[in-house]
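**Student:** Before we start, here is the structure in question, set down as structure tokens.
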Amino acid sequence: MSADALVYLRRHAGFFVFAVLIMTIPAYLHDSYYLSILAFMGTRFMMALGVSLLLGLAGQISLGQAAFVGIGAYGAAILTTRLGFNPWLAMGLAALLSAVIAGLVGVPTLKLRGYYLAMATLGVNEIIYILLVQLKSLTNGTDGISGIPSLSIGSLDLGGPKAYHLIAWGVALLMAAIALNLSRSRVGRSLRALRSSEPAAESLGVDTSFRKVQVFMVAAAFASIAGSFDAYYVHYISPDGYTITFSIILVTGVIIGGLGTVWGAFWGTAAVVVLPEILKRVNGDITNLIFGILLIAIMVLWQGRTRSLGRLVRTFLVNRRGRQGTTDGAGEPEA
Amino acid sequence: MNFEQFLQYIFSGITNGSIYALTALGFTLVFNATQIINFSQGQMVMLGGMTAIAFHGAGVPLWACFLGAVIVVVVISMGLEHVAVRPLLSKGVLAQIIATVGASFVFETAAMIIWGRQALALPAFSGERPIGVAGATVVPQTLWVVGLTVVIVVALQIFYRRSLFGKAVRACAVNPSAARLQGISYRKVVLFSFALSGAISAAAGVMITPISFMSYSSGALLGLKGFAAATLGGLGNPVGAVAGGFVLGIVEALGVGVVSAGYKDAIAFVILLLVLFIRPVGLLGARVVTRQ
Amino acid sequence: MPLLDIANVSKSFGGLDALKDVNFAVHQGQIKALIGPNGAGKTTVFNLISGSYRPSAGRVVFGGVDLTRKAPHAICRLGVGRTFQHSLVFDGMTVLENVTVGRHCRSKAGVLSAALSLPLHRREEREAFKVAGESLRRVGLEGKADEFAGNLPMGERHLLEIARALATEPKMLLLDEPAAGLNEEETERLAETVRRIRSEGITVLLVEHHMGFVMEISDEVVVLDYGRKIAEGPPLMIMDNDEVVKAYLGEALE
């Protein structure tokens with residue numbers, strides 16, 4: 001047992017160090033601006049983990065994750081403010097709804113070529129956005145919903161920035177652990193296999209359509225939970241937070257960070273949260289321009305392989321200097 | 001809904017349907033040459049409209065605005081092909097999707113930086129005075145839109161059937177490797193398809209702007225609807241794309257009459273999802289759309 | 001009763017007949033070869049057995065079960081393993097990981113169990129890696145377990161695909177041109193491996209162009225030409241068959 005535990009600890013050492021570092025931040029950081037940026041990073045990280053599982057492991061792309069974030073946020077807001085539901089229960093129900101919708105969209109589209117899921121998810125994002133604006137009696141239209149309660153455990157209120165940091169990052173780390181477990185499991189290997197060759201994966205007993213739908217549903221649930229967290233923290237939501245543009249930014253983050261790894265999702269999230277904050281001081285409008293250029297540049301340099309931006313730049317610099325031993329490996333390191 | 005109202009909806013449906021048909025054709029041209037779906041197709045339409053508005057603001061006559069916008073977008077489309085598509089031609093669907101999505105972001109944000117956030121309009125090609133037809137009315141611009149769409153579709157059909165280059169393009173669509181063996185330059189076909197696709201999209205953008213305004217963010221929706229139309233007609237089938245565009249436009253217009261204008265934009269996607277559910281090859285499709 | 005029965009099977013693609021009324025059977029413990037000129041429909045037969053295609057007419061029966069309407073992953077579970085003509089190893093995974101995917105059809109742990117690393121999942125993982133290691137040993141690839149599959153030379157890719165299929169515990173193995181691109185020594189090693197697999201009780205059906213290899217290891221040969229079966233019998237009889245000679249001469253002259 002103790003030997004097993006030791007092996008386990010060593011194997012996951014990086015993750016535990018990371019978790020401890022993140023969870024102790026409120027002990028020495030007291031600035032509410034930076035704390036709130038970190039809090040947003042936590043929920044964005046949850047969304048990115050879903051995208052990363054779908055895109056990095058299964059090789060499928062959703063351009064409508066913001067719709068699920070929106071369902072999570074509005075589900076939480078409506079159920080708590082209108083029907084007096086417990087916030088945690090509301091969060092769970094919204095996540096369930098998101099997963100069901102993902103399943104309904106995924107079943108027909110994931111049998112087809114990659115661009116059908118991409119287009120269908122764009123469509124779903126647009127439909128959800130329209131519903132959020134139009135179903136005024138339920139969503140308050142463009143005015144949005146305010147007065148959303150904070151999360152609490154028993155009588156312990158988790159609305160303050162530090163408490164919120166702990167709970168949001170606690171859940172994000174739990175999701176990261178789930179993503180790590182999944183990617184190292186039978187399920188993760190079947191996903192990587194089908195990304196590489198669907199006929200081969202099927203010949204070995206992998207029901208590829210079913211697996212892709214499953215991971216899409218997980219990604220939707222992650223996004224939805226993140227959306228609920230945001231709603232409970234900010235106490236106000238409006239449809240503008242859930243556009244296609246936001247969906248694309250989520251994908252951008254995961255691609256900048258590097259596909260298929262939990263750390264990639266983290267660094268990518270950090271990039272897409274911090275970069276706009278910096279650019280805001282110059283000209284906020286150019287943020288998306290830079291994201292667009294990065295997407296093209298990474299794809300062209302990437303050439304169908306999965307590399308993070310950092311790794312690409314490193315390889316590029318090394319090749320430039322004409323060194324022999326490149327950083328090129330055959331595959332991507334996992335997590 | 002009485003007959004006059006019904007007719008009014010049909011007219012409006014045919015007008016928007018023309019634009020969807022042209023956008024769908026833009027998708028189809030590129031798809032047939034490369035098997036790529038260009039996720040910035042809708043932004044090409046938007047750029048057409050916005051560029052024409054910019055030219056008009058500089059005092060250029062309308063016909064020259066039209067021409068100028070088409071030329072500008074053709075150049076942009078060829079640039080896109082050169083920068084983001086050619087290096088990824090055989091690199092898998094995922095990379096192609098992401099790169100063209102990146103392009104859509106670039107076009108959209110650039111348009112916002114250049115022209116701002118507000119929706120802009122272009123004057124109608126020949127006056128605003130409505131014409132009465134069987135109790136309903138149409139503005140002259142509608143006739144322009146429908147007329148020019150028909151001209152473009154017919155010209156394209158003749159070009160593809162008659163000219164040597166058109167035949168080469170069709171050969172590439174059927175079997176790229178065999179076409180290459182026949183000495184057809186695949187690269188030229190791809191580049192040309194992007195140019196033509198850009199031209200058609202730009203024309204659509206210029207034509208619709210006097211009726212429904214244009215802003216930096218209009219492209220996403222137009223692209224989605226164009227894709228829905230192409231899928232409805234059968235992806236890869238040009239006749240299907242045009243038919244799909246008109247069907248979508250009319251269904252959408254009637255939907256507005258029955259449901260509510262607020263849900264207009266959702267109709268196209270409900271149709272898209274239904275088609276994918278029930279008949280992924282589309283109404284007229286024969287092409288194989290299953291997994292690779 | 002034969003293990004595999006191909007009964008009056010036809011397959012057409014958009015009006016073109018790829019297979020026309022093909023009949024043959026494979027019996028338990030046999031090594032049977034499917035030969036014929038390019039485009040004769042050999043790989044089509046494989047795709048029909050493994051469920052990638054559905055026959056336009058006729059039935060494919062395996063161990064008494066009709067495969068005609070079954071999906072590939074279900075057919076794998078019934079005990080049909082296969083390899084591919086153009087090697088389809090999972091490039092980004094290690095050789096050992098590649099083979100563990102073969103255990104997919106013999107394990108159950110779902111998303112929840114894997115996500116939370118529950119005992120069922122951990123037990124299956126241990127078993128999967130153990131069986132995968134054994135499968136690699138059966139084809140002689142144990143030394144390459146931790147290499148990336150994408151870095152293997154062609155000969156070893158074929159062996160890896162065989163190991164992967166063996167991990168599914170097949171009753172029958174379909175090998176699509178396993179000797180393609182191999183040198184003489186590698187071909188010999190492959191022949192040994194295939195014989196060993198048969199001696200373990202696994203039936204083998206293979207498509208192959210390498211005649212020496214086919215004649216050396218097969219018990220029976222089926223010859224296809226333009227989608228029709230033109231001959232069937234032991235290797236020596238096939239080599240004397242006029243129609244077979246004509247079909248192959250025709251190919252040589254083209």
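We name chains A, B, ... following the order of the structure tokens; residues begin at 1 in each chain, and ligands are numbered from 1 as shown.
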Mind running chain B against chain A at 9 Å and telling me each contacting residue's nearest atom pair with the distance in Å (one decimal), counting only C-alpha atoms, chain and number ascending, as CSV?
**Tutor:**
```
residue,atom,partner,partner_atom,distance
B:Ile36,CA,A:Tyr115,CA,8.7
B:Ile37,CA,A:Tyr115,CA,7.0
B:Phe39,CA,A:Met119,CA,8.5
B:Val83,CA,A:Val300,CA,8.2
B:Ala84,CA,A:Ile296,CA,6.2
B:Val85,CA,A:Val300,CA,8.5
B:Pro87,CA,A:Val300,CA,6.2
B:Leu88,CA,A:Gln303,CA,6.6
B:Ser90,CA,A:Gly304,CA,8.8
B:Lys91,CA,A:Gly304,CA,5.1
B:Gly92,CA,A:Gly304,CA,6.4
B:Val93,CA,A:Gly114,CA,6.2
B:Leu94,CA,A:Gly114,CA,6.8
B:Ala95,CA,A:Met299,CA,5.7
B:Gln96,CA,A:Met299,CA,7.9
B:Ile97,CA,A:Tyr115,CA,6.9
B:Ile98,CA,A:Leu295,CA,6.6
B:Ala99,CA,A:Ile296,CA,4.5
B:Thr100,CA,A:Ile296,CA,7.3
B:Val101,CA,A:Gly292,CA,7.6
B:Gly102,CA,A:Gly292,CA,4.1
B:Ala103,CA,A:Gly292,CA,6.0
B:Ser104,CA,A:Gly292,CA,7.4
B:Phe105,CA,A:Gly292,CA,5.0
B:Val106,CA,A:Leu289,CA,4.9
B:Phe107,CA,A:Leu289,CA,8.0
B:Glu108,CA,A:Leu289,CA,8.2
B:Thr109,CA,A:Leu289,CA,5.5
B:Ala110,CA,A:Leu289,CA,6.8
B:Met112,CA,A:Asp285,CA,8.0
B:Ile113,CA,A:Asp285,CA,6.9
B:Ala220,CA,A:Ile244,CA,8.6
B:Leu221,CA,A:Glu126,CA,8.3
B:Leu224,CA,A:Gly123,CA,7.0
B:Phe227,CA,A:Met119,CA,7.9
B:Ala228,CA,A:Met119,CA,8.7
B:Gly262,CA,A:Gln134,CA,6.4
B:Tyr263,CA,A:Ile130,CA,6.9
B:Asp265,CA,A:Ile130,CA,7.8
B:Ala266,CA,A:Ile127,CA,5.2
B:Ile267,CA,A:Ile127,CA,8.6
B:Ala268,CA,A:Gly123,CA,8.4
B:Phe269,CA,A:Gly123,CA,5.2
B:Val270,CA,A:Gly123,CA,8.0
B:Leu272,CA,A:Ala120,CA,7.4
B:Leu273,CA,A:Ala120,CA,6.6
B:Leu276,CA,A:Pro108,CA,6.1
B:Phe277,CA,A:Pro108,CA,5.1
B:Ile278,CA,A:Pro108,CA,8.4
B:Pro280,CA,A:Leu112,CA,8.3
B:Val289,CA,A:Leu112,CA,6.4
B:Thr290,CA,A:Leu112,CA,4.9
B:Arg291,CA,A:Arg113,CA,5.0
B:Gln292,CA,A:Arg113,CA,6.9
```
**Student:** Now that the selection is made, can you save its residues with N, CA and C atoms as a compact mmCIF listing (two decimals), in the first residue's frame?
**Tutor:**
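Final output, part_27.txt:
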```txt
# COMPACT_ATOMS: atom_id res chain seq x y z
N ILE B 36 -12.09 21.27 -48.75
CA ILE B 36 -11.98 22.10 -47.55
C ILE B 36 -13.25 22.94 -47.42
N ILE B 37 -13.74 23.07 -46.18
CA ILE B 37 -14.80 24.03 -45.91
C ILE B 37 -14.12 25.29 -45.38
N PHE B 39 -14.14 28.31 -43.42
CA PHE B 39 -14.95 28.90 -42.35
C PHE B 39 -14.95 30.42 -42.37
N VAL B 83 -1.69 31.88 -48.03
CA VAL B 83 -1.11 31.88 -46.69
C VAL B 83 -1.60 30.70 -45.85
N ALA B 84 -2.91 30.46 -45.86
CA ALA B 84 -3.48 29.54 -44.87
C ALA B 84 -3.98 28.23 -45.44
N VAL B 85 -4.20 28.16 -46.75
CA VAL B 85 -4.80 26.94 -47.28
C VAL B 85 -3.77 26.05 -47.96
N PRO B 87 -0.57 25.58 -47.63
CA PRO B 87 0.32 24.75 -46.81
C PRO B 87 -0.41 23.62 -46.09
N LEU B 88 -1.75 23.68 -46.06
CA LEU B 88 -2.50 22.70 -45.26
C LEU B 88 -3.35 21.77 -46.12
N SER B 90 -3.09 18.95 -47.56
CA SER B 90 -3.22 17.52 -47.25
C SER B 90 -2.96 17.26 -45.77
N LYS B 91 -3.26 18.26 -44.94
CA LYS B 91 -2.88 18.14 -43.53
C LYS B 91 -4.04 17.84 -42.60
N GLY B 92 -5.15 17.41 -43.17
CA GLY B 92 -6.24 16.99 -42.30
C GLY B 92 -7.28 18.08 -42.06
N VAL B 93 -8.48 17.62 -41.80
CA VAL B 93 -9.64 18.51 -41.66
C VAL B 93 -9.44 19.49 -40.51
N LEU B 94 -8.89 18.99 -39.40
CA LEU B 94 -8.80 19.80 -38.19
C LEU B 94 -7.97 21.06 -38.43
N ALA B 95 -6.78 20.89 -39.00
CA ALA B 95 -5.91 22.03 -39.24
C ALA B 95 -6.57 23.02 -40.20
N GLN B 96 -7.27 22.48 -41.20
CA GLN B 96 -7.93 23.36 -42.17
C GLN B 96 -9.05 24.16 -41.52
N ILE B 97 -9.82 23.49 -40.67
CA ILE B 97 -10.89 24.21 -39.98
C ILE B 97 -10.30 25.34 -39.14
N ILE B 98 -9.30 24.99 -38.33
CA ILE B 98 -8.76 25.96 -37.39
C ILE B 98 -8.15 27.15 -38.13
N ALA B 99 -7.42 26.87 -39.21
CA ALA B 99 -6.79 27.96 -39.94
C ALA B 99 -7.82 28.90 -40.56
N THR B 100 -8.89 28.32 -41.14
CA THR B 100 -9.87 29.22 -41.76
C THR B 100 -10.73 29.91 -40.70
N VAL B 101 -10.92 29.27 -39.56
CA VAL B 101 -11.59 29.97 -38.45
C VAL B 101 -10.72 31.15 -38.02
N GLY B 102 -9.42 30.91 -37.94
CA GLY B 102 -8.48 32.01 -37.63
C GLY B 102 -8.63 33.14 -38.62
N ALA B 103 -8.75 32.79 -39.91
CA ALA B 103 -8.91 33.81 -40.95
C ALA B 103 -10.19 34.60 -40.72
N SER B 104 -11.26 33.90 -40.34
CA SER B 104 -12.53 34.61 -40.12
C SER B 104 -12.37 35.63 -38.99
N PHE B 105 -11.61 35.26 -37.97
CA PHE B 105 -11.34 36.17 -36.86
C PHE B 105 -10.55 37.38 -37.34
N VAL B 106 -9.55 37.13 -38.18
CA VAL B 106 -8.72 38.22 -38.70
C VAL B 106 -9.58 39.19 -39.51
N PHE B 107 -10.38 38.64 -40.44
CA PHE B 107 -11.20 39.51 -41.30
C PHE B 107 -12.18 40.33 -40.47
N GLU B 108 -12.83 39.64 -39.52
CA GLU B 108 -13.86 40.30 -38.74
C GLU B 108 -13.26 41.44 -37.90
N THR B 109 -12.16 41.12 -37.22
CA THR B 109 -11.57 42.14 -36.35
C THR B 109 -10.99 43.28 -37.17
N ALA B 110 -10.37 42.94 -38.30
CA ALA B 110 -9.83 44.00 -39.16
C ALA B 110 -10.95 44.92 -39.61
N MET B 112 -13.71 45.51 -38.10
CA MET B 112 -14.17 46.32 -36.96
C MET B 112 -13.22 47.49 -36.72
N ILE B 113 -11.92 47.22 -36.84
CA ILE B 113 -10.95 48.28 -36.60
C ILE B 113 -11.05 49.34 -37.70
N ALA B 220 -20.45 36.11 -39.95
CA ALA B 220 -20.60 34.80 -39.32
C ALA B 220 -21.94 34.18 -39.66
N LEU B 221 -22.99 34.99 -39.53
CA LEU B 221 -24.34 34.48 -39.79
C LEU B 221 -24.53 34.11 -41.25
N LEU B 224 -22.78 30.85 -41.93
CA LEU B 224 -23.53 29.71 -41.41
C LEU B 224 -24.71 29.37 -42.30
N PHE B 227 -23.60 27.80 -45.51
CA PHE B 227 -23.24 26.40 -45.30
C PHE B 227 -24.50 25.55 -45.14
N ALA B 228 -25.47 26.09 -44.39
CA ALA B 228 -26.74 25.36 -44.23
C ALA B 228 -27.37 25.12 -45.59
N GLY B 262 -37.87 37.62 -34.47
CA GLY B 262 -36.73 37.44 -33.58
C GLY B 262 -36.04 36.10 -33.76
N TYR B 263 -36.81 35.10 -34.19
CA TYR B 263 -36.24 33.77 -34.34
C TYR B 263 -35.76 33.48 -35.76
N ASP B 265 -33.14 34.05 -37.51
CA ASP B 265 -31.81 33.51 -37.73
C ASP B 265 -31.64 32.09 -37.20
N ALA B 266 -32.53 31.69 -36.31
CA ALA B 266 -32.41 30.34 -35.75
C ALA B 266 -32.92 29.29 -36.74
N ILE B 267 -33.81 29.72 -37.66
CA ILE B 267 -34.45 28.75 -38.56
C ILE B 267 -33.42 27.99 -39.40
N ALA B 268 -32.43 28.73 -39.92
CA ALA B 268 -31.45 28.10 -40.79
C ALA B 268 -30.72 26.97 -40.07
N PHE B 269 -30.42 27.19 -38.79
CA PHE B 269 -29.64 26.19 -38.08
C PHE B 269 -30.48 25.01 -37.67
N VAL B 270 -31.75 25.27 -37.40
CA VAL B 270 -32.64 24.14 -37.13
C VAL B 270 -32.71 23.28 -38.38
N LEU B 272 -30.40 23.07 -40.71
CA LEU B 272 -29.10 22.42 -40.85
C LEU B 272 -29.04 21.16 -39.99
N LEU B 273 -29.45 21.30 -38.73
CA LEU B 273 -29.39 20.15 -37.82
C LEU B 273 -30.35 19.05 -38.27
N LEU B 276 -28.79 17.19 -41.17
CA LEU B 276 -27.72 16.31 -40.72
C LEU B 276 -28.30 15.07 -40.03
N PHE B 277 -29.43 15.27 -39.35
CA PHE B 277 -30.07 14.15 -38.67
C PHE B 277 -30.67 13.18 -39.67
N ILE B 278 -31.44 13.75 -40.61
CA ILE B 278 -32.29 12.90 -41.45
C ILE B 278 -31.60 12.47 -42.74
N PRO B 280 -27.97 13.42 -44.37
CA PRO B 280 -26.74 14.20 -44.43
C PRO B 280 -26.24 14.46 -45.85
N VAL B 289 -20.46 11.66 -47.91
CA VAL B 289 -20.07 12.59 -46.86
C VAL B 289 -19.64 11.88 -45.60
N THR B 290 -19.54 10.56 -45.68
CA THR B 290 -19.19 9.84 -44.46
C THR B 290 -17.75 10.07 -44.09
N ARG B 291 -17.38 9.52 -42.96
CA ARG B 291 -16.04 9.69 -42.42
C ARG B 291 -14.98 9.28 -43.45
N GLN B 292 -13.81 9.82 -43.23
CA GLN B 292 -12.74 9.51 -44.18
C GLN B 292 -12.20 8.10 -43.92
```
**Student:** For a quick test of understanding: name the residues of chain C lying within 6 Å of chain A when counting only C-alpha atoms, and present them as a PyMOL selection string.
**Tutor:** chain C and resi 72-73+76+90+92+102+104-105+114-115
**Student:** Sorted by chain and rising residue number, list the residues of chain C at most 12 Å from chain B (counting only C-alpha atoms), each with its closest atom pair and distance in Å to one decimal, as a Markdown table.
**Tutor:**
```
| residue | atom | partner | partner_atom | distance |
| --- | --- | --- | --- | --- |
| C:Phe13 | CA | B:Val288 | CA | 11.5 |
| C:Gly14 | CA | B:Ala286 | CA | 10.2 |
| C:Ser52 | CA | B:Arg291 | CA | 11.4 |
```
**Student:** Using atom CA of Pro238 of chain B and atom CA of Met207 of chain B as the two end points, give the distance in Å to one decimal.
**Tutor:**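 Taking atom CA of Pro238 of chain B as the start and atom CA of Met207 of chain B as the end point, the length is 20.3 Å.
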**Student:** Can you measure atom CA of Tyr28 of chain A to atom CA of Ala168 of chain A for me? One decimal in Å is fine.
**Tutor:** 17.7 Å
**Student:** Going by DSSP on the backbone, which bits of segment 2-248 of chain C are helix (DSSP H, G or I)? Write them as a PyMOL selection string, please.
**Tutor:** chain C and resi 42-49+72-78+95-106+111-115+119-139+142-144+149-151+154-166+184-199+211-217+235-240+242-248
**Student:** Segment 81-289 of chain B: which residues are strand (DSSP E or B) by DSSP, as a PyMOL selection string?
**Tutor:** chain B and resi 120+131-133+136-138+214
**Student:** I need the residue nearest Ile238 of chain C from this list: C:Leu182, C:Leu224, C:Ala74, C:Leu4. Use only C-alpha atoms for the distance.
**Tutor:** C:Leu224
**Student:** For Arg228 of chain C, find every residue with an atom within 9 Å (counting only C-alpha atoms), except residues of its own chain fewer than 5 positions away, and show them as a CSV table (one decimal) with all heavy atoms, in the first residue's frame.
**Tutor:**
```csv
chain,number,residue,atom,x,y,z
C,18,ALA,N,-17.9,-4.8,-57.5
C,18,ALA,CA,-16.6,-5.1,-57.0
C,18,ALA,C,-16.4,-6.6,-56.7
C,18,ALA,O,-15.4,-7.2,-56.9
C,18,ALA,CB,-16.3,-4.3,-55.8
C,19,LEU,N,-17.6,-7.2,-56.3
C,19,LEU,CA,-17.6,-8.6,-56.0
C,19,LEU,C,-18.9,-9.2,-56.6
C,19,LEU,O,-20.0,-8.5,-56.5
C,19,LEU,CB,-17.6,-8.9,-54.5
C,19,LEU,CG,-16.3,-8.8,-53.8
C,19,LEU,CD1,-16.5,-9.1,-52.3
C,19,LEU,CD2,-15.2,-9.6,-54.4
C,20,LYS,N,-18.8,-10.3,-57.2
C,20,LYS,CA,-20.0,-10.9,-57.8
C,20,LYS,C,-20.2,-12.3,-57.4
C,20,LYS,O,-19.4,-13.2,-57.8
C,20,LYS,CB,-19.9,-10.8,-59.4
C,20,LYS,CG,-21.1,-11.1,-60.2
C,20,LYS,CD,-22.0,-9.9,-60.3
C,20,LYS,CE,-23.3,-10.2,-61.0
C,20,LYS,NZ,-24.5,-9.6,-60.4
C,21,ASP,N,-21.2,-12.6,-56.5
C,21,ASP,CA,-21.6,-13.9,-56.2
C,21,ASP,C,-20.4,-14.8,-55.7
C,21,ASP,O,-20.1,-15.9,-56.3
C,21,ASP,CB,-22.2,-14.6,-57.4
C,21,ASP,CG,-23.3,-15.6,-57.0
C,21,ASP,OD1,-23.7,-15.5,-55.8
C,21,ASP,OD2,-23.7,-16.4,-57.8
C,22,VAL,N,-19.7,-14.3,-54.7
C,22,VAL,CA,-18.5,-15.0,-54.3
C,22,VAL,C,-18.9,-16.0,-53.1
C,22,VAL,O,-19.6,-15.7,-52.2
C,22,VAL,CB,-17.4,-14.1,-53.8
C,22,VAL,CG1,-16.3,-14.8,-53.1
C,22,VAL,CG2,-16.9,-13.2,-54.9
C,40,ALA,N,-9.0,-7.1,-57.9
C,40,ALA,CA,-9.8,-8.3,-58.0
C,40,ALA,C,-10.9,-8.3,-56.9
C,40,ALA,O,-11.9,-9.1,-57.0
C,40,ALA,CB,-9.0,-9.6,-57.9
C,41,GLY,N,-10.8,-7.5,-55.9
C,41,GLY,CA,-11.8,-7.5,-54.8
C,41,GLY,C,-11.4,-8.1,-53.5
C,41,GLY,O,-12.2,-8.4,-52.7
C,223,VAL,N,-8.8,-17.9,-55.5
C,223,VAL,CA,-8.3,-16.9,-56.5
C,223,VAL,C,-9.5,-16.1,-56.9
C,223,VAL,O,-10.5,-16.6,-57.4
C,223,VAL,CB,-7.7,-17.6,-57.7
C,223,VAL,CG1,-7.0,-16.5,-58.6
C,223,VAL,CG2,-6.6,-18.6,-57.2
```
**Student:** Enter the distance from atom CA of Leu284 of chain B to atom CA of Met44 of chain B, in Å, rounded to one decimal.
**Tutor:**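 It comes out at 25.9 Å.
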**Student:** Quick one: residues within 9 Å of Gly140 of chain C, only C-alpha atoms, excluding same-chain residues fewer than 3 positions away - as a PDB file with C-alpha atoms, in the first residue's frame?
**Tutor:**
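Printed below is selection_10.pdb as written:
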```pdb
ATOM      1  CA  SER C 135       1.113 -10.054 -27.631  1.00  0.00           C
ATOM      2  CA  LEU C 136       4.295  -8.159 -28.465  1.00  0.00           C
ATOM      3  CA  ARG C 137       6.340 -11.163 -27.424  1.00  0.00           C
ATOM      4  CA  GLY C 143      12.167  -4.942 -27.503  1.00  0.00           C
ATOM      5  CA  LEU C 159       4.024  -7.088 -36.912  1.00  0.00           C
ATOM      6  CA  THR C 193       4.938 -15.909 -36.795  1.00  0.00           C
TER       7      THR C 193
END
```
**Student:** If you count only C-alpha atoms, which residues fall within 7 Å of Met217 of chain A, apart from same-chain ones fewer than 4 positions away, as a PyMOL selection string?
**Tutor:** chain A and resi 99+102-103+213+221
**Student:** Residues of the last selection are to be written out with all heavy atoms, as an mmCIF file, in the first residue's frame.
**Tutor:**
```
data_model
loop_
_atom_site.group_PDB
_atom_site.id
_atom_site.type_symbol
_atom_site.label_atom_id
_atom_site.label_comp_id
_atom_site.auth_asym_id
_atom_site.auth_seq_id
_atom_site.Cartn_x
_atom_site.Cartn_y
_atom_site.Cartn_z
ATOM 1 N N ALA A 99 -25.055 18.518 -21.338
ATOM 2 C CA ALA A 99 -24.573 17.230 -21.848
ATOM 3 C C ALA A 99 -25.608 16.601 -22.767
ATOM 4 O O ALA A 99 -25.260 16.043 -23.813
ATOM 5 C CB ALA A 99 -24.253 16.302 -20.685
ATOM 6 N N ALA A 102 -25.530 18.408 -26.051
ATOM 7 C CA ALA A 102 -24.324 17.983 -26.772
ATOM 8 C C ALA A 102 -24.540 16.611 -27.392
ATOM 9 O O ALA A 102 -24.159 16.368 -28.543
ATOM 10 C CB ALA A 102 -23.129 17.959 -25.830
ATOM 11 N N GLY A 103 -25.182 15.718 -26.648
ATOM 12 C CA GLY A 103 -25.449 14.391 -27.179
ATOM 13 C C GLY A 103 -26.343 14.443 -28.404
ATOM 14 O O GLY A 103 -26.072 13.805 -29.423
ATOM 15 N N VAL A 213 -19.069 11.066 -29.113
ATOM 16 C CA VAL A 213 -20.228 11.710 -28.484
ATOM 17 C C VAL A 213 -19.995 11.840 -26.980
ATOM 18 O O VAL A 213 -20.247 12.890 -26.383
ATOM 19 C CB VAL A 213 -21.526 10.918 -28.776
ATOM 20 C CG1 VAL A 213 -22.682 11.467 -27.961
ATOM 21 C CG2 VAL A 213 -21.856 10.969 -30.261
ATOM 22 N N ALA A 221 -20.376 19.466 -20.395
ATOM 23 C CA ALA A 221 -20.651 19.542 -18.959
ATOM 24 C C ALA A 221 -19.600 20.413 -18.263
ATOM 25 O O ALA A 221 -19.931 21.252 -17.408
ATOM 26 C CB ALA A 221 -20.669 18.139 -18.361
#
```
**Student:** Measuring atom to atom with only C-alpha atoms, identify which of B:Phe3, B:Trp115, B:Tyr20, B:Phe165 is nearest to Ala54 of chain B.
**Tutor:** B:Trp115
**Student:** Need the shell around Gly36 of chain C: protein/DNA/RNA residues with any atom at most 9 Å away, counting only C-alpha atoms. Skip same-chain ones fewer than 4 positions apart. Format as a list in words?
**Tutor:**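 With the cut-off at 9 Å, the set is Ala40, Gly41, Lys42, Val207, Glu208, His209, Val222, Val223, Leu224, Asp225, Tyr226, Val244, Ala247 and Tyr248 of chain C.
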